[in-house]
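J.: My structure is in final_38.txt, and what it holds is compact mmCIF, C-alpha atoms:
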# COMPACT_ATOMS: atom_id res chain seq x y z
CA MET A 1 21.28 -5.75 -37.30
CA SER A 2 22.74 -5.11 -33.86
CA GLU A 3 26.13 -3.86 -32.73
CA MET A 4 27.79 -1.82 -29.98
CA ARG A 5 29.31 1.51 -30.97
CA TRP A 6 31.60 3.38 -28.58
CA ASN A 7 30.74 7.00 -27.95
CA PRO A 8 34.15 8.62 -27.34
CA VAL A 9 32.48 11.89 -26.30
CA LEU A 10 30.42 10.46 -23.44
CA ARG A 11 32.65 7.39 -23.02
CA GLU A 12 29.79 4.91 -23.17
CA TRP A 13 28.46 2.16 -25.41
CA LEU A 14 25.49 2.65 -27.69
CA VAL A 15 23.59 -0.41 -28.90
CA THR A 16 22.09 -0.32 -32.39
CA ALA A 17 19.21 -2.74 -32.98
CA THR A 18 17.67 -1.95 -36.35
CA HIS A 19 15.59 -5.16 -36.44
CA ARG A 20 13.59 -3.89 -33.47
CA GLN A 21 11.80 -1.49 -35.80
CA ASP A 22 9.74 -4.54 -36.86
CA ARG A 23 8.74 -5.65 -33.37
CA THR A 24 5.12 -6.24 -32.41
CA PHE A 25 3.33 -2.94 -31.79
CA LEU A 26 0.09 -2.82 -29.77
CA PRO A 27 -1.52 -5.96 -31.20
CA PRO A 28 -5.35 -6.06 -31.29
CA ALA A 29 -7.30 -7.71 -28.48
CA GLY A 30 -7.27 -11.47 -28.89
CA PHE A 31 -3.91 -11.52 -30.66
CA CYS A 32 -1.51 -11.04 -27.80
CA PRO A 33 1.77 -12.87 -28.55
CA LEU A 34 2.45 -13.27 -24.82
CA CYS A 35 -0.78 -15.10 -23.91
CA PRO A 36 -0.76 -18.92 -23.84
CA THR A 37 -1.52 -20.55 -27.20
CA GLN A 38 -5.09 -21.81 -27.18
CA ALA A 39 -6.33 -24.92 -28.98
CA GLY A 40 -7.13 -23.89 -32.53
CA GLY A 41 -5.84 -20.38 -31.88
CA PHE A 42 -2.93 -18.53 -33.40
CA PRO A 43 0.54 -19.58 -32.18
CA THR A 44 1.95 -17.30 -29.51
CA GLU A 45 5.38 -17.18 -27.86
CA VAL A 46 4.15 -19.73 -25.29
CA GLU A 47 2.84 -22.82 -27.03
CA GLN A 48 1.14 -24.24 -23.97
CA GLU A 49 -2.44 -23.74 -22.83
CA SER A 50 -1.42 -22.50 -19.39
CA PHE A 51 1.63 -21.42 -17.43
CA GLU A 52 2.68 -19.88 -14.11
CA PHE A 53 5.82 -17.94 -15.09
CA VAL A 54 7.66 -18.03 -18.40
CA VAL A 55 10.99 -16.54 -19.38
CA PHE A 56 12.10 -16.58 -23.00
CA GLU A 57 14.70 -14.94 -25.17
CA ASN A 58 13.37 -11.80 -26.82
CA LYS A 59 12.43 -12.29 -30.47
CA PHE A 60 13.80 -8.79 -31.16
CA PRO A 61 16.85 -8.61 -28.90
CA SER A 62 19.10 -5.60 -28.49
CA LEU A 63 21.87 -7.97 -27.35
CA ALA A 64 22.34 -11.39 -28.93
CA ARG A 65 23.62 -14.66 -27.50
CA GLU A 66 25.23 -15.34 -30.89
CA PRO A 67 25.76 -11.88 -32.38
CA ILE A 68 26.54 -11.23 -36.00
CA ALA A 69 29.45 -9.16 -37.25
CA PRO A 70 29.07 -5.35 -37.01
CA SER A 71 27.89 -3.50 -40.10
CA VAL A 72 30.83 -1.08 -40.03
CA GLU A 73 34.56 -1.32 -39.43
CA SER A 74 35.91 -0.60 -35.98
CA SER A 75 38.50 2.17 -35.69
CA ASP A 76 40.59 3.86 -33.05
CA LEU A 77 38.23 6.82 -32.95
CA TYR A 78 35.04 4.75 -33.27
CA PRO A 79 35.42 1.28 -31.73
CA VAL A 80 32.64 -1.14 -32.76
CA VAL A 81 32.05 -4.61 -31.33
CA GLN A 82 29.42 -7.32 -31.55
CA SER A 83 26.47 -6.74 -29.27
CA GLN A 84 26.86 -9.92 -27.28
CA GLY A 85 24.48 -10.55 -24.42
CA VAL A 86 21.05 -11.90 -23.62
CA CYS A 87 17.67 -10.19 -23.70
CA GLU A 88 14.87 -12.04 -21.95
CA VAL A 89 11.16 -11.44 -21.50
CA VAL A 90 9.61 -12.41 -18.14
CA LEU A 91 5.90 -13.20 -18.21
CA TYR A 92 4.42 -12.59 -14.77
CA THR A 93 1.17 -14.45 -15.37
CA GLN A 94 -0.94 -15.93 -18.13
CA GLU A 95 -3.75 -13.47 -17.32
CA HIS A 96 -3.59 -10.81 -20.00
CA THR A 97 -5.33 -8.00 -18.13
CA LEU A 98 -3.52 -8.15 -14.79
CA THR A 99 -0.71 -5.86 -13.70
CA LEU A 100 2.15 -6.43 -11.27
CA ALA A 101 0.15 -4.48 -8.68
CA GLU A 102 -2.73 -6.92 -8.98
CA LEU A 103 -0.70 -10.08 -8.44
CA PRO A 104 -1.23 -11.72 -5.03
CA GLU A 105 1.65 -11.36 -2.59
CA GLU A 106 2.43 -15.07 -2.85
CA LYS A 107 2.74 -14.72 -6.61
CA LEU A 108 5.06 -11.72 -6.20
CA GLU A 109 7.19 -13.79 -3.84
CA GLN A 110 7.45 -16.47 -6.50
CA LEU A 111 8.33 -13.88 -9.14
CA ILE A 112 11.16 -12.66 -6.94
CA GLN A 113 12.50 -16.23 -6.91
CA VAL A 114 12.32 -16.25 -10.72
CA TRP A 115 14.20 -12.93 -10.90
CA LYS A 116 16.79 -14.29 -8.46
CA ASP A 117 17.26 -17.38 -10.59
CA ARG A 118 17.70 -15.31 -13.73
CA TYR A 119 20.20 -13.01 -11.99
CA ILE A 120 22.29 -15.98 -10.88
CA ASP A 121 21.92 -17.98 -14.08
CA LEU A 122 22.69 -15.14 -16.50
CA GLY A 123 25.29 -13.62 -14.18
CA SER A 124 27.22 -16.90 -14.09
CA LYS A 125 27.96 -16.66 -17.83
CA SER A 126 31.51 -15.56 -18.49
CA GLU A 127 30.56 -12.88 -21.02
CA ILE A 128 27.93 -11.22 -18.80
CA GLU A 129 29.03 -8.36 -16.55
CA TYR A 130 25.68 -6.98 -15.51
CA VAL A 131 22.16 -8.43 -15.21
CA PHE A 132 19.65 -5.63 -15.53
CA ILE A 133 16.07 -6.49 -14.52
CA PHE A 134 13.37 -3.98 -15.41
CA GLU A 135 9.78 -3.37 -16.40
CA ASN A 136 8.29 -0.73 -18.65
CA LYS A 137 4.59 -0.34 -17.89
CA GLY A 138 2.03 1.66 -19.83
CA GLU A 139 1.85 3.28 -23.23
CA ALA A 140 3.12 6.54 -21.70
CA ILE A 141 6.44 4.72 -21.28
CA GLY A 142 6.35 3.26 -24.79
CA VAL A 143 5.10 -0.22 -24.01
CA THR A 144 4.17 -2.09 -27.19
CA ILE A 145 2.48 -5.15 -25.65
CA HIS A 146 0.17 -4.88 -22.65
CA HIS A 147 0.42 -8.42 -21.32
CA PRO A 148 2.04 -8.16 -17.84
CA HIS A 149 5.72 -8.72 -18.37
CA GLY A 150 9.15 -7.43 -17.55
CA GLN A 151 12.50 -7.70 -19.25
CA ILE A 152 16.08 -8.62 -18.48
CA TYR A 153 19.13 -7.33 -20.33
CA ALA A 154 22.29 -9.29 -19.58
CA PHE A 155 25.00 -6.82 -20.59
CA PRO A 156 28.60 -7.55 -21.58
CA PHE A 157 29.59 -4.38 -19.71
CA VAL A 158 28.55 -2.47 -16.61
CA PRO A 159 26.06 0.19 -17.83
CA PRO A 160 27.12 3.81 -17.30
CA LYS A 161 24.50 4.76 -14.72
CA VAL A 162 25.40 1.74 -12.61
CA GLN A 163 29.11 2.47 -13.03
CA ARG A 164 28.49 6.01 -11.82
CA GLU A 165 26.79 4.57 -8.73
CA ILE A 166 29.76 2.28 -8.16
CA ASP A 167 32.17 5.21 -8.43
CA SER A 168 30.11 7.10 -5.85
CA GLU A 169 30.01 4.06 -3.56
CA GLU A 170 33.79 3.75 -3.70
CA GLU A 171 34.37 7.45 -3.09
CA HIS A 172 31.94 7.49 -0.15
CA PHE A 173 33.49 4.40 1.42
CA ALA A 174 37.00 5.83 1.06
CA ARG A 175 35.88 9.06 2.70
CA THR A 176 33.62 7.74 5.48
CA GLY A 177 34.26 4.03 5.84
CA HIS A 178 30.54 3.42 5.30
CA CYS A 179 28.33 2.00 2.57
CA LEU A 180 26.76 4.97 0.76
CA HIS A 181 23.40 3.23 0.40
CA CYS A 182 23.33 2.10 4.04
CA ASP A 183 23.92 5.73 5.04
CA ILE A 184 21.07 6.86 2.77
CA VAL A 185 18.70 4.21 4.17
CA ASN A 186 19.59 5.08 7.78
CA HIS A 187 19.17 8.80 7.07
CA GLU A 188 15.75 8.30 5.48
CA LEU A 189 14.61 6.06 8.34
CA SER A 190 15.59 8.70 10.88
CA GLN A 191 14.36 11.70 8.88
CA LYS A 192 11.02 10.02 7.95
CA ASP A 193 9.63 12.86 5.82
CA ARG A 194 10.37 11.11 2.56
CA LEU A 195 9.32 7.61 3.69
CA VAL A 196 6.51 5.90 1.77
CA ALA A 197 6.45 2.45 3.39
CA GLU A 198 8.64 0.16 5.42
CA ASN A 199 8.75 -3.35 6.83
CA ASP A 200 11.29 -5.43 8.70
CA GLN A 201 13.64 -5.92 5.75
CA PHE A 202 12.92 -3.12 3.26
CA VAL A 203 12.17 0.56 3.13
CA ALA A 204 10.52 2.64 0.36
CA PHE A 205 11.05 6.37 0.03
CA VAL A 206 11.07 9.24 -2.44
CA PRO A 207 14.77 10.01 -2.76
CA PHE A 208 16.10 13.38 -1.58
CA TYR A 209 17.40 13.78 -5.14
CA ALA A 210 14.31 12.44 -6.99
CA ARG A 211 14.42 13.16 -10.72
CA TYR A 212 10.75 12.28 -11.22
CA PRO A 213 8.02 13.72 -8.97
CA TYR A 214 6.73 10.31 -7.85
CA GLU A 215 10.04 8.47 -8.02
CA VAL A 216 10.31 5.82 -5.31
CA ASN A 217 13.30 3.72 -4.28
CA ILE A 218 12.90 0.43 -2.45
CA TYR A 219 16.05 -0.51 -0.52
CA ALA A 220 17.06 -3.50 1.52
CA ARG A 221 17.54 -2.20 5.07
CA GLY A 222 20.57 -4.42 5.54
CA HIS A 223 23.62 -4.45 3.32
CA VAL A 224 22.48 -6.93 0.66
CA PRO A 225 24.57 -6.66 -2.54
CA SER A 226 22.22 -8.58 -4.82
CA MET A 227 19.35 -11.01 -5.13
CA ALA A 228 21.86 -13.85 -4.92
CA GLN A 229 21.91 -13.23 -1.14
CA PHE A 230 18.12 -13.27 -0.79
CA ASP A 231 16.70 -15.73 1.73
CA GLU A 232 13.04 -16.52 2.33
CA ALA A 233 12.59 -13.60 4.73
CA LEU A 234 14.00 -11.09 2.24
CA GLN A 235 11.89 -12.52 -0.60
CA ARG A 236 8.74 -12.33 1.49
CA SER A 237 9.46 -8.81 2.74
CA LEU A 238 10.28 -7.53 -0.73
CA ALA A 239 7.05 -9.01 -2.09
CA LEU A 240 5.08 -7.24 0.64
CA ILE A 241 6.63 -3.80 0.17
CA LEU A 242 6.52 -4.12 -3.62
CA LYS A 243 2.81 -4.79 -3.39
CA THR A 244 2.35 -1.82 -1.07
CA VAL A 245 4.19 0.64 -3.34
CA LEU A 246 2.48 -0.60 -6.50
CA VAL A 247 -1.00 -0.40 -4.98
CA LYS A 248 -0.28 3.06 -3.58
CA TYR A 249 0.72 4.17 -7.06
CA ASP A 250 -2.55 2.89 -8.54
CA ASN A 251 -4.65 4.36 -5.74
CA LEU A 252 -2.98 7.76 -6.04
CA TRP A 253 -5.20 8.91 -8.90
CA GLY A 254 -7.44 5.88 -9.38
CA PHE A 255 -5.80 4.50 -12.48
CA SER A 256 -3.07 1.99 -13.17
CA LEU A 257 0.01 4.20 -13.03
CA PRO A 258 2.61 3.76 -15.80
CA TYR A 259 6.19 3.47 -14.61
CA MET A 260 9.69 2.27 -15.33
CA MET A 261 10.89 -0.16 -12.67
CA VAL A 262 14.61 -0.91 -12.61
CA MET A 263 16.77 -2.99 -10.29
CA HIS A 264 20.31 -2.06 -9.32
CA GLN A 265 22.51 -4.68 -7.73
CA ALA A 266 26.06 -6.03 -7.85
CA PRO A 267 27.70 -6.58 -11.25
CA THR A 268 28.40 -10.20 -12.16
CA ASN A 269 31.86 -9.81 -13.68
CA GLY A 270 33.66 -11.59 -10.86
CA LYS A 271 35.06 -8.41 -9.35
CA HIS A 272 34.40 -7.38 -5.76
CA TYR A 273 31.88 -4.57 -5.28
CA PRO A 274 31.61 -4.03 -1.51
CA GLY A 275 29.45 -0.93 -2.03
CA SER A 276 26.71 -2.59 -4.11
CA HIS A 277 23.40 -2.56 -2.29
CA PHE A 278 20.27 -4.06 -3.84
CA HIS A 279 17.52 -1.58 -4.60
CA ILE A 280 14.62 -0.99 -6.96
CA GLU A 281 13.97 2.40 -8.55
CA PHE A 282 10.56 3.42 -9.89
CA TYR A 283 10.23 6.29 -12.38
CA PRO A 284 6.56 7.10 -13.06
CA PRO A 285 6.34 9.62 -15.94
CA TYR A 286 3.43 11.62 -14.47
CA ARG A 287 3.93 14.90 -12.58
CA THR A 288 0.18 15.41 -12.02
CA ARG A 289 -2.86 13.28 -12.71
CA GLU A 290 -3.08 14.70 -16.25
CA LYS A 291 0.45 15.86 -17.01
CA ILE A 292 3.50 13.95 -18.14
CA LYS A 293 7.03 14.78 -17.04
CA TYR A 294 8.93 14.89 -20.34
CA LEU A 295 12.68 14.55 -20.63
CA ALA A 296 13.20 17.77 -22.58
CA GLY A 297 16.17 19.97 -23.45
CA CYS A 298 17.69 20.36 -20.00
CA GLU A 299 17.33 16.69 -19.05
CA SER A 300 18.34 15.29 -22.45
CA GLY A 301 20.88 17.89 -23.48
CA ALA A 302 22.52 18.87 -20.22
CA GLY A 303 21.87 15.74 -18.20
CA THR A 304 20.38 17.84 -15.40
CA PHE A 305 16.87 16.96 -14.30
CA VAL A 306 14.47 19.67 -13.24
CA ASN A 307 11.88 18.35 -10.79
CA ASP A 308 8.83 20.62 -10.55
CA THR A 309 7.94 19.24 -7.12
CA LEU A 310 9.41 18.68 -3.69
CA PRO A 311 10.17 15.06 -2.77
CA GLU A 312 8.91 15.63 0.79
CA GLU A 313 5.48 16.70 -0.53
CA LYS A 314 5.22 13.82 -2.99
CA ALA A 315 6.21 11.33 -0.31
CA ALA A 316 3.42 12.68 1.91
CA GLU A 317 0.92 12.14 -0.92
CA LEU A 318 2.11 8.56 -1.40
CA ARG A 319 1.95 7.88 2.34
CA LEU A 320 -1.69 8.98 2.28
CA SER A 321 -2.50 6.86 -0.77
CA SER A 322 -4.16 3.65 0.37
CA PRO A 323 -2.08 0.45 0.33
CA ASN A 324 -5.27 -1.63 0.19
CA THR A 325 -6.37 -3.31 -3.00
CA GLU A 326 -10.07 -2.85 -2.19
CA HIS A 327 -9.58 0.83 -2.93
CA LEU A 328 -8.05 0.06 -6.31
CA LYS A 329 -10.17 1.60 -9.02
CA GLN A 330 -10.13 0.06 -12.43
CA MET B 1 16.42 -31.07 -20.71
CA PRO B 2 15.39 -32.35 -17.29
CA ASP B 3 13.46 -30.29 -14.80
CA GLU B 4 15.58 -28.57 -12.22
CA THR B 5 14.44 -27.55 -8.80
CA VAL B 6 16.19 -24.32 -7.98
CA SER B 7 14.81 -23.34 -4.64
CA LYS B 8 12.50 -24.58 -1.99
CA THR B 9 10.55 -22.12 0.01
CA ASP B 10 8.48 -24.00 2.50
CA LYS B 11 7.04 -21.72 5.11
CA ASN B 12 3.48 -21.29 6.19
CA GLY B 13 2.06 -22.71 3.01
CA LYS B 14 3.51 -19.93 0.86
CA ALA B 15 5.79 -20.13 -2.13
CA GLY B 16 6.63 -23.82 -2.27
CA ALA B 17 9.33 -25.34 -4.43
CA MET B 18 10.33 -23.75 -7.69
CA ARG B 19 10.59 -26.05 -10.67
CA LYS B 20 12.39 -24.91 -13.78
CA GLN B 21 11.93 -26.55 -17.15
CA VAL B 22 14.26 -25.34 -19.91
CA GLN B 23 13.23 -25.89 -23.54
CA LYS B 24 14.26 -24.67 -26.97
CA LYS B 25 11.80 -22.97 -29.27
CA PRO B 26 11.74 -24.05 -32.94
CA ASP B 27 13.83 -21.00 -33.89
CA GLY B 28 16.49 -21.90 -31.31
CA ARG B 29 15.55 -19.41 -28.63
CA THR B 30 15.49 -20.61 -25.02
CA ILE B 31 12.20 -20.67 -23.17
CA ILE B 32 11.98 -21.51 -19.47
CA PHE B 33 8.84 -22.55 -17.63
CA TYR B 34 8.80 -21.88 -13.90
CA SER B 35 6.21 -23.48 -11.67
CA PHE B 36 5.74 -23.74 -7.94
CA ALA B 37 4.62 -26.86 -6.13
CA ALA B 38 2.56 -26.35 -3.02
CA PRO B 39 4.82 -26.84 0.02
CA ASP B 40 2.70 -29.67 1.39
CA SER B 41 2.32 -31.51 -1.91
CA PRO B 42 4.03 -34.85 -2.69
CA ASP B 43 5.61 -33.06 -5.67
CA CYS B 44 7.37 -30.68 -3.38
CA GLU B 45 8.63 -33.42 -1.08
CA ALA B 46 10.07 -35.32 -4.03
CA LEU B 47 12.13 -32.41 -5.25
CA THR B 48 15.73 -31.81 -4.29
CA VAL B 49 17.30 -28.44 -3.92
CA THR B 50 20.06 -27.50 -6.31
CA GLU B 51 22.91 -25.30 -5.09
CA LEU B 52 23.12 -22.43 -7.54
CA TYR B 53 25.90 -20.19 -6.39
CA THR B 54 28.84 -20.10 -8.71
CA SER B 55 32.36 -18.84 -8.28
CA LYS B 56 31.41 -15.63 -10.14
CA LEU B 57 28.87 -14.60 -7.54
CA GLU B 58 29.23 -13.91 -3.89
CA PRO B 59 27.39 -16.50 -1.80
In structure tokens, write the structure found in this file.
T.:
Amino acid sequence: MSEMRWNPVLREWLVTATHRQDRTFLPPAGFCPLCPTQAGGFPTEVEQESFEFVVFENKFPSLAREPIAPSVESSDLYPVVQSQGVCEVVLYTQEHTLTLAELPEEKLEQLIQVWKDRYIDLGSKSEIEYVFIFENKGEAIGVTIHHPHGQIYAFPFVPPKVQREIDSEEEHFARTGHCLHCDIVNHELSQKDRLVAENDQFVAFVPFYARYPYEVNIYARGHVPSMAQFDEALQRSLALILKTVLVKYDNLWGFSLPYMMVMHQAPTNGKHYPGSHFHIEFYPPYRTREKIKYLAGCESGAGTFVNDTLPEEKAAELRLSSPNTEHLKQ
Amino acid sequence: MPDETVSKTDKNGKAGAMRKQVQKKPDGRTIIFYSFAAPDSPDCEALTVTELYTSKLEP
């Protein structure tokens, strides 16, 4: 059962997805549903003995291509609509034990082409307003299957956090005549104390306003609204800086760091968004090697994050963390 | 459904051409297999690039 309920207090949609209670939860070794199906073995989601990249519709989707009717009546106070959309799973590799950080740069470059294709393909559908590409990694984040994979939610609306960014972009442009994100990138490049890595096309930094201690944003240096504008140079540069940030994360404390990785880019509803600027945001849940940053009363109830650290200090730690895979400890 | 080549990245022996094979699972869900031909392979040479941009997206 899945539907979208309007929250008139916060003015945002909530998606119910009761069937997801039954989704696969930490299957035992040897019974991964995302590994290729082996001869004589149990059937998995991918009934082939090998693959490079696979994308399939989630068996337990929050948004459905052909949604069923809502379970309750819609009203003026409580509007309810079908939860139309698409939820996809992106398998990065057939190797069960690898992580995104361990993929070769060439493989990351190919994955970026897959993401780009999904952004364009899903975004071209009339009912899809926003293509949200993300990865939840690690049990600390709530991952239920360890096979290296990400997800894509193709929403029938622009999600509230993205809409808030768009509102800020429009306000900043009206006030300054500049792209907000371009101004942030240029400021970070000149300031340098929050930089983590950079190359010719992208820059990675801990944002001035980081909510999580080790939050990192990866921005296109130029004004690139979305992956649809990516050329070979951008794909290659993004693969390189993605690898650098991911390996730095893992080398920071010598274990594979859990994180949420989300991509923000232009909506796909046909409207013009001159302020959209492609970027990736990483939210690792750790505030020290042993301690988790929980979203507690202030964050969840007031919407105000309390960061126990200074972004400038965390950026310095990440700059010192080795970008080389030979230092990666398993 | 036929294979579709959606991009061709042919530089310094890197990504190669992307091939996309769309299938339906028995329960009706879509599953897509992406593979990459080596840039110098006959496979890659035989593929044609498909223009993907649509009117909904900025080129």
J.: Find the residues of chain A in contact range of chain B, meaning any atom within 9 Å when counting all atoms listed in the file, and list them as a PDB file with C-alpha atoms, keeping the file's coordinate frame.
T.:
ATOM      1  CA  GLU A  45       5.380 -17.180 -27.860  1.00  0.00           C
ATOM      2  CA  VAL A  46       4.150 -19.730 -25.290  1.00  0.00           C
ATOM      3  CA  PHE A  51       1.630 -21.420 -17.430  1.00  0.00           C
ATOM      4  CA  GLU A  52       2.680 -19.880 -14.110  1.00  0.00           C
ATOM      5  CA  PHE A  53       5.820 -17.940 -15.090  1.00  0.00           C
ATOM      6  CA  VAL A  54       7.660 -18.030 -18.400  1.00  0.00           C
ATOM      7  CA  VAL A  55      10.990 -16.540 -19.380  1.00  0.00           C
ATOM      8  CA  PHE A  56      12.100 -16.580 -23.000  1.00  0.00           C
ATOM      9  CA  GLU A  57      14.700 -14.940 -25.170  1.00  0.00           C
ATOM     10  CA  ASN A  58      13.370 -11.800 -26.820  1.00  0.00           C
ATOM     11  CA  LYS A  59      12.430 -12.290 -30.470  1.00  0.00           C
ATOM     12  CA  GLU A 106       2.430 -15.070  -2.850  1.00  0.00           C
ATOM     13  CA  LYS A 107       2.740 -14.720  -6.610  1.00  0.00           C
ATOM     14  CA  GLU A 109       7.190 -13.790  -3.840  1.00  0.00           C
ATOM     15  CA  GLN A 110       7.450 -16.470  -6.500  1.00  0.00           C
ATOM     16  CA  GLN A 113      12.500 -16.230  -6.910  1.00  0.00           C
ATOM     17  CA  VAL A 114      12.320 -16.250 -10.720  1.00  0.00           C
ATOM     18  CA  ASP A 117      17.260 -17.380 -10.590  1.00  0.00           C
ATOM     19  CA  ILE A 120      22.290 -15.980 -10.880  1.00  0.00           C
ATOM     20  CA  ASP A 121      21.920 -17.980 -14.080  1.00  0.00           C
ATOM     21  CA  GLY A 123      25.290 -13.620 -14.180  1.00  0.00           C
ATOM     22  CA  SER A 124      27.220 -16.900 -14.090  1.00  0.00           C
ATOM     23  CA  LYS A 125      27.960 -16.660 -17.830  1.00  0.00           C
ATOM     24  CA  SER A 126      31.510 -15.560 -18.490  1.00  0.00           C
ATOM     25  CA  PRO A 225      24.570  -6.660  -2.540  1.00  0.00           C
ATOM     26  CA  SER A 226      22.220  -8.580  -4.820  1.00  0.00           C
ATOM     27  CA  ALA A 228      21.860 -13.850  -4.920  1.00  0.00           C
ATOM     28  CA  GLN A 229      21.910 -13.230  -1.140  1.00  0.00           C
ATOM     29  CA  GLU A 232      13.040 -16.520   2.330  1.00  0.00           C
ATOM     30  CA  PRO A 267      27.700  -6.580 -11.250  1.00  0.00           C
ATOM     31  CA  THR A 268      28.400 -10.200 -12.160  1.00  0.00           C
ATOM     32  CA  ASN A 269      31.860  -9.810 -13.680  1.00  0.00           C
ATOM     33  CA  GLY A 270      33.660 -11.590 -10.860  1.00  0.00           C
ATOM     34  CA  LYS A 271      35.060  -8.410  -9.350  1.00  0.00           C
ATOM     35  CA  HIS A 272      34.400  -7.380  -5.760  1.00  0.00           C
TER      36      HIS A 272
END
J.: Skipping near chain neighbours, those fewer than 2 positions away, what residues fall within 7 Å of stretch 30-36 of chain A using all atoms listed in the file, listed as JSON, numbers by chain?
T.: {"A": [27, 28, 38, 44, 45, 46, 47, 48, 49, 50, 94, 96, 147]}
J.: Suppose you want the space between atom CA of A:Leu111 and atom CA of A:Glu317; what is it in Å?
T.: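 Interatomic distance here is 28.3 Å.
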J.: Need to verify the contact set: stretch 138-145 of chain A, 7 Å, all atoms listed in the file, exclusion of same-chain residues closer than 6 positions in sequence. Can you return it as a VMD selection string?
T.: chain A and resid 24 to 27 258 to 259
J.: Take the selection from the previous step and output its residues with C-alpha atoms, as a PDB file, keeping the file's coordinate frame.
T.:
ATOM      1  CA  THR A  24       5.120  -6.240 -32.410  1.00  0.00           C
ATOM      2  CA  PHE A  25       3.330  -2.940 -31.790  1.00  0.00           C
ATOM      3  CA  LEU A  26       0.090  -2.820 -29.770  1.00  0.00           C
ATOM      4  CA  PRO A  27      -1.520  -5.960 -31.200  1.00  0.00           C
ATOM      5  CA  PRO A 258       2.610   3.760 -15.800  1.00  0.00           C
ATOM      6  CA  TYR A 259       6.190   3.470 -14.610  1.00  0.00           C
TER       7      TYR A 259
END
J.: Find the residues around A:Leu310 up to 9 Å (all atoms listed in the file counted), leave out those fewer than 4 positions away in its own chain, and share them as a list in words.
T.: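 After dropping sequence-adjacent residues, the list is Phe208, Ala210, Pro213, Lys314 and Ala315 of chain A.
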J.: Quick check, in Å to one decimal: how far apart do atom CA of A:Gln265 and atom CA of A:Met227 lie?
T.: 7.5 Å
J.: How far is it from atom CA of A:Arg11 to atom CA of A:Ser74, in Å with one decimal?
T.: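 Computing it gives 15.6 Å between the two atoms.
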J.: Could you list, as a VMD selection string, every residue within 12 Å of A:Trp6, counting only C-alpha atoms and ignoring same-chain residues fewer than 3 positions away?
T.: chain A and resid 3 9 to 16 74 to 83 157
